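**Q** Sharing a structure below in structure tokens format, with a few things to ask.
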Amino acid sequence: MSRTSYDRYLTVFSPEGRLYQVEYAFKAISGSGHTAISVRGKDTCVVIAQKKIPDKLIDASTVSHLFSITPSIGCVMTGLIADARAQVARARAEAAEFRYKYGYEITPDALARRIANINQVYTQRAAMRPLGISMILIGIDPELGPQVFKLDPAGYFVGFHATAAGQKQQEAMNFLEKKWKKYEGGAEDAAAAGRRLSRGEVIELAIETISTVLQTDFKPGELEIGIVSESEDEPEKSRGKWRVFSEQELEQHLLAYGERD
């Protein structure tokens, strides 16, 4: 077999120990043209993503990268949107089965582990291909509080205080790291610094990161924000629940961010 043909097979390692098809799945994420960011605070976690409408005749309300999985867990998907819908459907099925079997809602870390395990199986069976998506999962754990997990096509998952995915992932991660170091004790103890962030600060940081990294002043229709918060600033009926901001709410936060500058 010639060295150049190792990328034709999902299950065959190259002599350097690489699986090229899995690496190409990561390229599908960064080549999607979208960027998503997530930030976690004291009692709130937020995801923010660009909302691109490719055609004027498309109904904008049907285009979204934010998905609800359980009443208290949601996610943002970056990459191939058709693959994303398939993975969301599987995540919902796994969460529903867990609820049916054990009698309580699945926790964010258990769901992240389960979906990551499924992703890993896709890298070792020739009958399937890896999905070209990155999932950032947010939710509230009854014991641990707000949680953010990022999953990749290789089956790796890990928790974050703040993270990004997509086209400008590295620039966003660098920006978030710099911001974190400026917080009190952020350089020594990232977890303690994150636990001081209020609901408003978490939303503002997410908007600031995506606006700075993409160098754009966004209008309300060009972004979407998903939130799970137990803060007292959150409306009582949605406290601890996943929801997506309305355009009016988004406009308020964008104006507040603009006035701060």
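The way I read the labels, and the way they are meant: chains A, B, ... in the order of the structure tokens, residue 1 as the first residue of every chain, and ligand 1 as the first ligand shown, with later ones counted on from there.
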Within 10 Å of stretch 63-65 of chain A, counting only C-alpha atoms, which residues show up once you throw out same-chain ones fewer than 6 positions away? Write them as a list of chain:residue names, please.
**A**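 So, after excluding close chain neighbours, the residues are A:His34, A:Ala36, A:Ile48, A:Ala49, A:Gln50, A:Lys51, A:Lys52, A:Ile53, A:Pro54, A:Cys75, A:Val76, A:Met77, A:Thr78, A:Gly79, A:Ile81, A:Ala84, A:Arg85, A:Leu223, A:Glu224, A:Ile225, A:Gly226.
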**Q** Extract, using only C-alpha atoms, all DNA, RNA and protein residues at most 10 Å from A:Ala28, discarding same-chain residues fewer than 4 positions from it, and format them as a PyMOL selection string.
**A** chain A and resi 23-24+32-33+78-80+131-134+166-167
**Q** Which of stretch 62-238 of chain A end up as helix (DSSP H, G or I) when DSSP is run on this backbone - answer as a PyMOL selection string?
**A** chain A and resi 62+81-102+108-121+169-182+190-194+199-214+220-222+236-238
**Q** So, counting only C-alpha atoms, which residue among A:Arg199, A:Phe245, A:Leu214, A:Asn117 is closest to A:Lys168?
**A** A:Leu214
**Q** What gap, in Å, lies between atom CA of A:Met128 and atom CA of A:Asp152?
**A**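 Rounded to one decimal, the two atoms are 15.8 Å apart.
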**Q** Could you state the separation of atom CA of A:Gly185 and atom CA of A:Gly159 in Å, given to one decimal place?
**A**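 Interatomic distance here is 19.8 Å.
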**Q** For A:Leu255, work out the shell of residues within 12 Å, counting only C-alpha atoms and skipping chain neighbours fewer than 4 positions away, then give it as a PyMOL selection string.
**A** chain A and resi 204+207-208+217-220+248-251+259-261
**Q** For A:Ser198, please output as an mmCIF file with C-alpha atoms, in the first residue's frame all residues within 9 Å (counting only C-alpha atoms; exclusion window: fewer than 3 positions along the same chain).
**A**
```cif
data_model
loop_
_atom_site.group_PDB
_atom_site.id
_atom_site.type_symbol
_atom_site.label_atom_id
_atom_site.label_comp_id
_atom_site.auth_asym_id
_atom_site.auth_seq_id
_atom_site.Cartn_x
_atom_site.Cartn_y
_atom_site.Cartn_z
ATOM 1 C CA GLY A 41 -19.697 31.068 35.908
ATOM 2 C CA LYS A 42 -20.853 30.814 39.519
ATOM 3 C CA ASP A 43 -24.437 29.760 38.750
ATOM 4 C CA THR A 44 -24.693 30.137 34.963
ATOM 5 C CA ARG A 195 -16.910 30.744 40.445
ATOM 6 C CA GLU A 201 -20.596 38.833 33.499
ATOM 7 C CA VAL A 202 -20.789 35.393 31.853
ATOM 8 C CA ILE A 203 -23.121 36.663 29.098
ATOM 9 C CA SER A 231 -29.113 32.923 39.228
#
```
**Q** Counting only C-alpha atoms, what are the residues of stretch 111-200 of chain A within 9 Å of stretch 89-96 of chain A, and for each of them which pair of atoms is the nearest and at what distance in Å, to one decimal? Sort the table by chain and rising number, as JSON lines.
**A**
```
{"residue": "A:Leu111", "atom": "CA", "partner": "A:Ala95", "partner_atom": "CA", "distance": 6.9}
{"residue": "A:Ala112", "atom": "CA", "partner": "A:Ala91", "partner_atom": "CA", "distance": 8.9}
{"residue": "A:Arg114", "atom": "CA", "partner": "A:Glu94", "partner_atom": "CA", "distance": 7.9}
{"residue": "A:Ile115", "atom": "CA", "partner": "A:Ala91", "partner_atom": "CA", "distance": 6.6}
```
**Q** Go ahead and write the selection's residues with C-alpha atoms as a PDB file, in the first residue's frame.
**A**
```
ATOM      1  CA  LEU A 111     -24.400  12.369  28.817  1.00  0.00           C
ATOM      2  CA  ALA A 112     -21.061  13.766  27.570  1.00  0.00           C
ATOM      3  CA  ARG A 114     -21.995   8.416  26.661  1.00  0.00           C
ATOM      4  CA  ILE A 115     -21.938  10.485  23.445  1.00  0.00           C
TER       5      ILE A 115
END
```
**Q** Please determine, counting only C-alpha atoms, which residue among A:Thr163, A:Ser5, A:Thr11, A:Ser246 has the shortest atom-to-atom distance to A:Gln120.
**A**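 The closest residue to A:Gln120 is A:Thr11.
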